[in-house]
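Pasted below: final11.pdb, PDB, C-alpha atoms, pLDDT in the B column.
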MODEL        1
ATOM      1  CA  VAL L  45       5.104   8.694   4.020  1.00 94.00           C
ATOM      2  CA  GLN L  46       2.859  11.460   2.675  1.00 96.00           C
ATOM      3  CA  LEU L  47      -0.756  10.671   1.871  1.00 97.00           C
ATOM      4  CA  GLN L  48      -3.143  12.535  -0.422  1.00 97.00           C
ATOM      5  CA  ALA L  49      -6.799  11.505  -0.423  1.00 97.00           C
ATOM      6  CA  SER L  50      -9.236  12.323  -3.206  1.00 98.00           C
ATOM      7  CA  GLY L  51     -12.471  11.162  -4.789  1.00 98.00           C
ATOM      8  CA  GLY L  52     -15.061  12.451  -2.373  1.00 97.00           C
ATOM      9  CA  GLY L  53     -18.180  14.269  -3.444  1.00 97.00           C
ATOM     10  CA  LEU L  54     -21.936  14.647  -3.200  1.00 97.00           C
ATOM     11  CA  VAL L  55     -23.919  11.546  -4.122  1.00 97.00           C
ATOM     12  CA  GLN L  56     -27.480  10.374  -3.712  1.00 97.00           C
ATOM     13  CA  ASP L  57     -28.624   7.682  -1.341  1.00 97.00           C
ATOM     14  CA  GLY L  58     -27.727   4.314  -2.889  1.00 97.00           C
ATOM     15  CA  GLY L  59     -24.947   5.718  -5.048  1.00 97.00           C
ATOM     16  CA  SER L  60     -21.280   4.752  -5.253  1.00 98.00           C
ATOM     17  CA  LEU L  61     -17.906   6.422  -4.973  1.00 97.00           C
ATOM     18  CA  ARG L  62     -14.310   5.331  -5.184  1.00 98.00           C
ATOM     19  CA  LEU L  63     -11.903   7.122  -2.904  1.00 98.00           C
ATOM     20  CA  SER L  64      -8.200   7.153  -3.685  1.00 98.00           C
ATOM     21  CA  CYS L  65      -5.199   7.840  -1.506  1.00 98.00           C
ATOM     22  CA  ALA L  66      -1.837   8.345  -3.181  1.00 97.00           C
ATOM     23  CA  ALA L  67       1.275   7.710  -1.121  1.00 96.00           C
ATOM     24  CA  SER L  68       4.703   9.205  -1.655  1.00 93.00           C
ATOM     25  CA  GLY L  69       8.013   9.564   0.059  1.00 89.00           C
ATOM     26  CA  ASN L  70       8.686   6.014   1.217  1.00 84.00           C
ATOM     27  CA  THR L  71       8.430   2.458  -0.014  1.00 91.00           C
ATOM     28  CA  PHE L  72       4.725   1.859  -0.434  1.00 93.00           C
ATOM     29  CA  SER L  73       4.980  -1.878   0.110  1.00 93.00           C
ATOM     30  CA  ASP L  74       6.385  -1.352   3.616  1.00 95.00           C
ATOM     31  CA  TYR L  75       3.097   0.073   4.851  1.00 96.00           C
ATOM     32  CA  ALA L  76      -0.164  -1.283   6.110  1.00 97.00           C
ATOM     33  CA  LEU L  77      -2.970   1.093   5.123  1.00 98.00           C
ATOM     34  CA  GLY L  78      -6.374   2.065   6.382  1.00 98.00           C
ATOM     35  CA  TRP L  79      -9.388   4.302   5.972  1.00 98.00           C
ATOM     36  CA  PHE L  80     -11.214   6.155   8.710  1.00 98.00           C
ATOM     37  CA  ARG L  81     -14.065   8.633   8.743  1.00 98.00           C
ATOM     38  CA  GLN L  82     -15.287  11.422  10.940  1.00 98.00           C
ATOM     39  CA  ALA L  83     -18.800  12.825  10.882  1.00 97.00           C
ATOM     40  CA  PRO L  84     -19.588  16.262  12.329  1.00 92.00           C
ATOM     41  CA  GLY L  85     -19.598  16.189  16.105  1.00 95.00           C
ATOM     42  CA  GLN L  86     -18.381  12.616  16.242  1.00 96.00           C
ATOM     43  CA  GLU L  87     -15.086  10.913  16.871  1.00 96.00           C
ATOM     44  CA  ARG L  88     -12.997   9.477  14.072  1.00 97.00           C
ATOM     45  CA  GLU L  89     -13.980   5.879  13.434  1.00 97.00           C
ATOM     46  CA  PHE L  90     -12.264   2.988  11.738  1.00 98.00           C
ATOM     47  CA  VAL L  91     -13.649   1.914   8.351  1.00 98.00           C
ATOM     48  CA  ALA L  92     -11.286  -0.569   6.693  1.00 98.00           C
ATOM     49  CA  SER L  93      -7.664  -1.650   6.508  1.00 98.00           C
ATOM     50  CA  VAL L  94      -5.394  -3.703   4.277  1.00 98.00           C
ATOM     51  CA  SER L  95      -2.107  -5.416   4.980  1.00 97.00           C
ATOM     52  CA  ARG L  96       1.240  -4.792   3.333  1.00 94.00           C
ATOM     53  CA  SER L  97       0.789  -7.941   1.347  1.00 83.00           C
ATOM     54  CA  GLY L  98      -2.661  -6.951   0.106  1.00 78.00           C
ATOM     55  CA  PRO L  99      -4.883  -9.996   0.567  1.00 86.00           C
ATOM     56  CA  VAL L 100      -5.553  -9.452   4.259  1.00 96.00           C
ATOM     57  CA  THR L 101      -8.314  -6.932   4.907  1.00 97.00           C
ATOM     58  CA  TYR L 102     -10.463  -5.926   7.847  1.00 97.00           C
ATOM     59  CA  TYR L 103     -13.717  -3.960   7.946  1.00 98.00           C
ATOM     60  CA  ALA L 104     -15.903  -2.247  10.479  1.00 97.00           C
ATOM     61  CA  ASP L 105     -19.184  -4.107  10.891  1.00 96.00           C
ATOM     62  CA  SER L 106     -21.112  -1.062   9.704  1.00 93.00           C
ATOM     63  CA  VAL L 107     -19.539  -1.188   6.239  1.00 95.00           C
ATOM     64  CA  LYS L 108     -19.066  -4.898   5.591  1.00 96.00           C
ATOM     65  CA  GLY L 109     -20.507  -5.911   2.245  1.00 96.00           C
ATOM     66  CA  ARG L 110     -20.673  -2.320   0.978  1.00 97.00           C
ATOM     67  CA  PHE L 111     -17.081  -1.069   1.200  1.00 98.00           C
ATOM     68  CA  THR L 112     -14.017  -2.637  -0.391  1.00 98.00           C
ATOM     69  CA  ILE L 113     -10.439  -1.628   0.332  1.00 98.00           C
ATOM     70  CA  SER L 114      -7.668  -2.439  -2.127  1.00 97.00           C
ATOM     71  CA  ARG L 115      -4.148  -1.337  -2.949  1.00 96.00           C
ATOM     72  CA  ASP L 116      -2.218  -0.934  -6.170  1.00 95.00           C
ATOM     73  CA  SER L 117       1.522  -1.101  -5.656  1.00 93.00           C
ATOM     74  CA  ALA L 118       2.247   0.019  -9.214  1.00 94.00           C
ATOM     75  CA  LYS L 119       0.415   3.280  -8.509  1.00 96.00           C
ATOM     76  CA  ASN L 120       1.312   3.627  -4.802  1.00 96.00           C
ATOM     77  CA  THR L 121      -2.379   4.070  -4.134  1.00 97.00           C
ATOM     78  CA  VAL L 122      -4.963   2.626  -1.779  1.00 97.00           C
ATOM     79  CA  TYR L 123      -8.620   2.685  -2.754  1.00 98.00           C
ATOM     80  CA  LEU L 124     -11.932   2.529  -0.948  1.00 98.00           C
ATOM     81  CA  GLN L 125     -14.836   1.481  -3.139  1.00 98.00           C
ATOM     82  CA  ILE L 126     -18.070   2.546  -1.478  1.00 97.00           C
ATOM     83  CA  ASN L 127     -21.360   1.106  -2.741  1.00 97.00           C
ATOM     84  CA  SER L 128     -24.956   1.460  -1.592  1.00 97.00           C
ATOM     85  CA  LEU L 129     -24.168   4.733   0.122  1.00 96.00           C
ATOM     86  CA  LYS L 130     -26.414   5.847   2.972  1.00 96.00           C
ATOM     87  CA  PRO L 131     -26.867   9.292   4.517  1.00 96.00           C
ATOM     88  CA  GLU L 132     -25.123   8.019   7.658  1.00 95.00           C
ATOM     89  CA  ASP L 133     -21.980   7.471   5.574  1.00 96.00           C
ATOM     90  CA  THR L 134     -21.633  11.251   5.303  1.00 97.00           C
ATOM     91  CA  ALA L 135     -18.248  12.170   6.767  1.00 98.00           C
ATOM     92  CA  VAL L 136     -14.726  13.263   6.016  1.00 98.00           C
ATOM     93  CA  TYR L 137     -12.783  10.190   5.004  1.00 98.00           C
ATOM     94  CA  TYR L 138      -9.106   9.882   5.913  1.00 98.00           C
ATOM     95  CA  CYS L 139      -6.460   7.461   4.769  1.00 98.00           C
ATOM     96  CA  ALA L 140      -3.753   6.317   7.130  1.00 98.00           C
ATOM     97  CA  ALA L 141      -0.521   4.348   7.009  1.00 98.00           C
ATOM     98  CA  ARG L 142       1.824   2.521   9.304  1.00 97.00           C
ATOM     99  CA  ARG L 143       5.141   0.887   8.543  1.00 96.00           C
ATOM    100  CA  ALA L 144       4.607  -2.778   9.342  1.00 95.00           C
ATOM    101  CA  TYR L 145       7.131  -5.584   9.660  1.00 94.00           C
ATOM    102  CA  ASN L 146       4.469  -8.268   9.617  1.00 93.00           C
ATOM    103  CA  LEU L 147       3.218  -8.766   6.069  1.00 93.00           C
ATOM    104  CA  ASP L 148      -0.274  -9.642   7.293  1.00 94.00           C
ATOM    105  CA  PHE L 149      -0.707  -6.911   9.904  1.00 95.00           C
ATOM    106  CA  VAL L 150      -3.981  -4.978   9.624  1.00 96.00           C
ATOM    107  CA  GLY L 151      -4.695  -1.996  11.819  1.00 96.00           C
ATOM    108  CA  ARG L 152      -8.052  -1.807  13.601  1.00 96.00           C
ATOM    109  CA  GLN L 153      -7.941   1.523  15.378  1.00 96.00           C
ATOM    110  CA  ALA L 154      -6.490   4.995  14.937  1.00 96.00           C
ATOM    111  CA  ALA L 155      -3.624   4.249  17.334  1.00 97.00           C
ATOM    112  CA  ASP L 156      -2.404   1.547  14.955  1.00 97.00           C
ATOM    113  CA  PHE L 157      -1.479   4.204  12.350  1.00 97.00           C
ATOM    114  CA  ASP L 158       0.988   7.075  12.467  1.00 95.00           C
ATOM    115  CA  SER L 159       0.679   8.831   9.101  1.00 97.00           C
ATOM    116  CA  TRP L 160      -2.524  10.516   7.953  1.00 97.00           C
ATOM    117  CA  GLY L 161      -3.824  12.152   4.829  1.00 95.00           C
ATOM    118  CA  GLN L 162      -5.812  15.393   4.783  1.00 94.00           C
ATOM    119  CA  GLY L 163      -9.277  13.880   4.268  1.00 95.00           C
ATOM    120  CA  THR L 164     -11.876  13.991   1.527  1.00 98.00           C
ATOM    121  CA  GLN L 165     -15.535  14.896   2.094  1.00 98.00           C
ATOM    122  CA  VAL L 166     -18.277  12.419   1.253  1.00 98.00           C
ATOM    123  CA  THR L 167     -21.845  13.714   1.449  1.00 98.00           C
ATOM    124  CA  VAL L 168     -24.816  11.454   0.827  1.00 97.00           C
ATOM    125  CA  SER L 169     -28.166  13.092   0.191  1.00 96.00           C
ATOM    126  CA  SER L 170     -31.434  11.342   0.975  1.00 90.00           C
TER     127      SER L 170
ENDMDL
END
Would you mind writing the file's structure down as structure tokens?
Amino acid sequence: VQLQASGGGLVQDGGSLRLSCAASGNTFSDYALGWFRQAPGQEREFVASVSRSGPVTYYADSVKGRFTISRDSAKNTVYLQINSLKPEDTAVYYCAARRAYNLDFVGRQAADFDSWGQGTQVTVSS
């Protein structure tokens, strides 16, 4: 599956963004999906994931209550709604996918995914 992330930008502290990741090339519903981020000088970290079936989600503790992951099968797209942005959220955000046989599987680390998008930059100014 090919992934194309978009929606990043420069926002002020406390602002919101919605990131999108369009998938193509394979059956979208076969894949569990996730978002990760990487700040300068830091390792890539898990942000959120959603199951094939949609209702099962999992979040990093640092983003719970502020970030929401969702998927739209009609548009072959996974979204990350980011609210109450903080300067420490500044990073390149990547979407990821993994073909999953279990409908409720949610990845929790980079090794759980094998397809990656190119990343979209989110910068939060204080």
Subject >> Residues selected by the PyMOL selection byres ((chain L and resi 90-99) around 10), written as JSON, numbers by chain >> reply: {"L": [72, 73, 74, 75, 76, 77, 78, 79, 80, 81, 82, 87, 88, 89, 100, 101, 102, 103, 104, 105, 106, 107, 108, 111, 112, 113, 114, 115, 116, 117, 122, 124, 137, 138, 139, 140, 141, 142, 143, 144, 145, 146, 147, 148, 149, 150, 151, 152, 153, 154]}
**OP:** Fewer than 5 positions away in the same chain doesn't count, so skip those; otherwise give me all residues within 8 Å of L:Gly51, counting only C-alpha atoms, as number ranges by chain.
**Re:** L: 61-64, 164
Subject >> Nearby residues (all atoms listed in the file) at most 8 Å from L:Ser60, same-chain spacing under 3 positions excluded, as an NGL selection string >> reply: :L and (55 or 125-129)
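Nearest to L:Val168 of all the residues L:Ala118, L:Leu47, L:Val136, L:Ala66 is L:Val136, counting only C-alpha atoms.
Distance annotation: of L:Leu54, L:Cys65, L:Thr71, L:Tyr123, the residue with the minimal separation from L:Gly161 is L:Cys65; atom set is all atoms listed in the file.
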Subject >> Straight-line distance linking atom CA of L:Gln56 with atom CA of L:Gln162, stated in Å to one decimal >> reply: 23.8 Å
Subject >> Two-atom distance - atom CA of L:Phe157, atom CA of L:Arg110 (Å) >> reply: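 Atom CA of L:Arg110 lies at a distance of 23.2 Å from atom CA of L:Phe157.
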**OP:** Please measure the separation of atom CA of L:Ala67 and atom CA of L:Ser159, giving the value in Å to one decimal.
**Re:** 10.3 Å
**OP:** Choose the residue, out of L:Ala83, L:Asp158, L:Gln165, L:Gly109, that has the smallest atom-to-atom separation from L:Glu132; count all atoms listed in the file.
**Re:** L:Ala83
Would you compute an axis-aligned box for stretch 113-132 of chain L, covering every atom listed for it in the file with 8 Å of margin on each side, and report centre and edge lengths in Å to one decimal as lines of an AutoDock Vina configuration file?
center_x = -12.3
center_y = 3.4
center_z = -0.8
size_x = 45.1
size_y = 27.7
size_z = 32.9
Generate the missing atoms of stretch 84-103 of chain L up to N, CA, C and O atoms and report them as an mmCIF file, in the frame of the given file.
data_model
loop_
_atom_site.group_PDB
_atom_site.id
_atom_site.type_symbol
_atom_site.label_atom_id
_atom_site.label_comp_id
_atom_site.auth_asym_id
_atom_site.auth_seq_id
_atom_site.Cartn_x
_atom_site.Cartn_y
_atom_site.Cartn_z
ATOM 1 N N PRO L 84 -19.538 15.073 11.470
ATOM 2 C CA PRO L 84 -19.588 16.262 12.329
ATOM 3 C C PRO L 84 -20.024 15.929 13.754
ATOM 4 O O PRO L 84 -21.013 15.230 13.959
ATOM 5 N N GLY L 85 -19.257 16.405 14.712
ATOM 6 C CA GLY L 85 -19.598 16.189 16.105
ATOM 7 C C GLY L 85 -19.289 14.810 16.638
ATOM 8 O O GLY L 85 -19.632 14.502 17.792
ATOM 9 N N GLN L 86 -18.665 13.976 15.813
ATOM 10 C CA GLN L 86 -18.381 12.616 16.242
ATOM 11 C C GLN L 86 -16.881 12.348 16.204
ATOM 12 O O GLN L 86 -16.116 13.072 15.573
ATOM 13 N N GLU L 87 -16.482 11.292 16.879
ATOM 14 C CA GLU L 87 -15.086 10.913 16.871
ATOM 15 C C GLU L 87 -14.735 10.180 15.573
ATOM 16 O O GLU L 87 -15.605 9.626 14.901
ATOM 17 N N ARG L 88 -13.472 10.197 15.255
ATOM 18 C CA ARG L 88 -12.997 9.477 14.072
ATOM 19 C C ARG L 88 -13.182 7.985 14.296
ATOM 20 O O ARG L 88 -12.855 7.467 15.363
ATOM 21 N N GLU L 89 -13.735 7.308 13.298
ATOM 22 C CA GLU L 89 -13.980 5.879 13.434
ATOM 23 C C GLU L 89 -13.295 5.092 12.327
ATOM 24 O O GLU L 89 -13.162 5.554 11.188
ATOM 25 N N PHE L 90 -12.898 3.901 12.683
ATOM 26 C CA PHE L 90 -12.264 2.988 11.738
ATOM 27 C C PHE L 90 -13.273 2.524 10.694
ATOM 28 O O PHE L 90 -14.437 2.259 11.009
ATOM 29 N N VAL L 91 -12.799 2.392 9.439
ATOM 30 C CA VAL L 91 -13.649 1.914 8.351
ATOM 31 C C VAL L 91 -13.111 0.598 7.783
ATOM 32 O O VAL L 91 -13.815 -0.411 7.742
ATOM 33 N N ALA L 92 -11.853 0.617 7.341
ATOM 34 C CA ALA L 92 -11.286 -0.569 6.693
ATOM 35 C C ALA L 92 -9.772 -0.478 6.696
ATOM 36 O O ALA L 92 -9.212 0.622 6.757
ATOM 37 N N SER L 93 -9.122 -1.633 6.580
ATOM 38 C CA SER L 93 -7.664 -1.650 6.508
ATOM 39 C C SER L 93 -7.202 -2.815 5.640
ATOM 40 O O SER L 93 -7.939 -3.784 5.422
ATOM 41 N N VAL L 94 -5.977 -2.679 5.141
ATOM 42 C CA VAL L 94 -5.394 -3.703 4.277
ATOM 43 C C VAL L 94 -3.936 -3.877 4.667
ATOM 44 O O VAL L 94 -3.258 -2.925 5.048
ATOM 45 N N SER L 95 -3.472 -5.092 4.580
ATOM 46 C CA SER L 95 -2.107 -5.416 4.980
ATOM 47 C C SER L 95 -1.093 -4.982 3.925
ATOM 48 O O SER L 95 -1.443 -4.626 2.794
ATOM 49 N N ARG L 96 0.162 -5.049 4.284
ATOM 50 C CA ARG L 96 1.240 -4.792 3.333
ATOM 51 C C ARG L 96 1.122 -5.695 2.122
ATOM 52 O O ARG L 96 1.315 -5.295 0.994
ATOM 53 N N SER L 97 0.818 -6.933 2.407
ATOM 54 C CA SER L 97 0.789 -7.941 1.347
ATOM 55 C C SER L 97 -0.443 -7.825 0.458
ATOM 56 O O SER L 97 -0.446 -8.342 -0.656
ATOM 57 N N GLY L 98 -1.483 -7.176 0.939
ATOM 58 C CA GLY L 98 -2.661 -6.951 0.106
ATOM 59 C C GLY L 98 -3.845 -7.850 0.376
ATOM 60 O O GLY L 98 -4.964 -7.353 0.478
ATOM 61 N N PRO L 99 -3.699 -9.148 0.463
ATOM 62 C CA PRO L 99 -4.883 -9.996 0.567
ATOM 63 C C PRO L 99 -5.584 -9.970 1.918
ATOM 64 O O PRO L 99 -6.744 -10.370 2.008
ATOM 65 N N VAL L 100 -4.917 -9.489 2.949
ATOM 66 C CA VAL L 100 -5.553 -9.452 4.259
ATOM 67 C C VAL L 100 -6.237 -8.104 4.437
ATOM 68 O O VAL L 100 -5.602 -7.048 4.334
ATOM 69 N N THR L 101 -7.541 -8.154 4.696
ATOM 70 C CA THR L 101 -8.314 -6.932 4.907
ATOM 71 C C THR L 101 -9.166 -7.075 6.161
ATOM 72 O O THR L 101 -9.428 -8.184 6.632
ATOM 73 N N TYR L 102 -9.616 -5.938 6.654
ATOM 74 C CA TYR L 102 -10.463 -5.926 7.847
ATOM 75 C C TYR L 102 -11.413 -4.751 7.735
ATOM 76 O O TYR L 102 -11.022 -3.676 7.280
ATOM 77 N N TYR L 103 -12.685 -4.981 8.112
ATOM 78 C CA TYR L 103 -13.717 -3.960 7.946
ATOM 79 C C TYR L 103 -14.493 -3.738 9.244
ATOM 80 O O TYR L 103 -14.721 -4.678 10.022
#
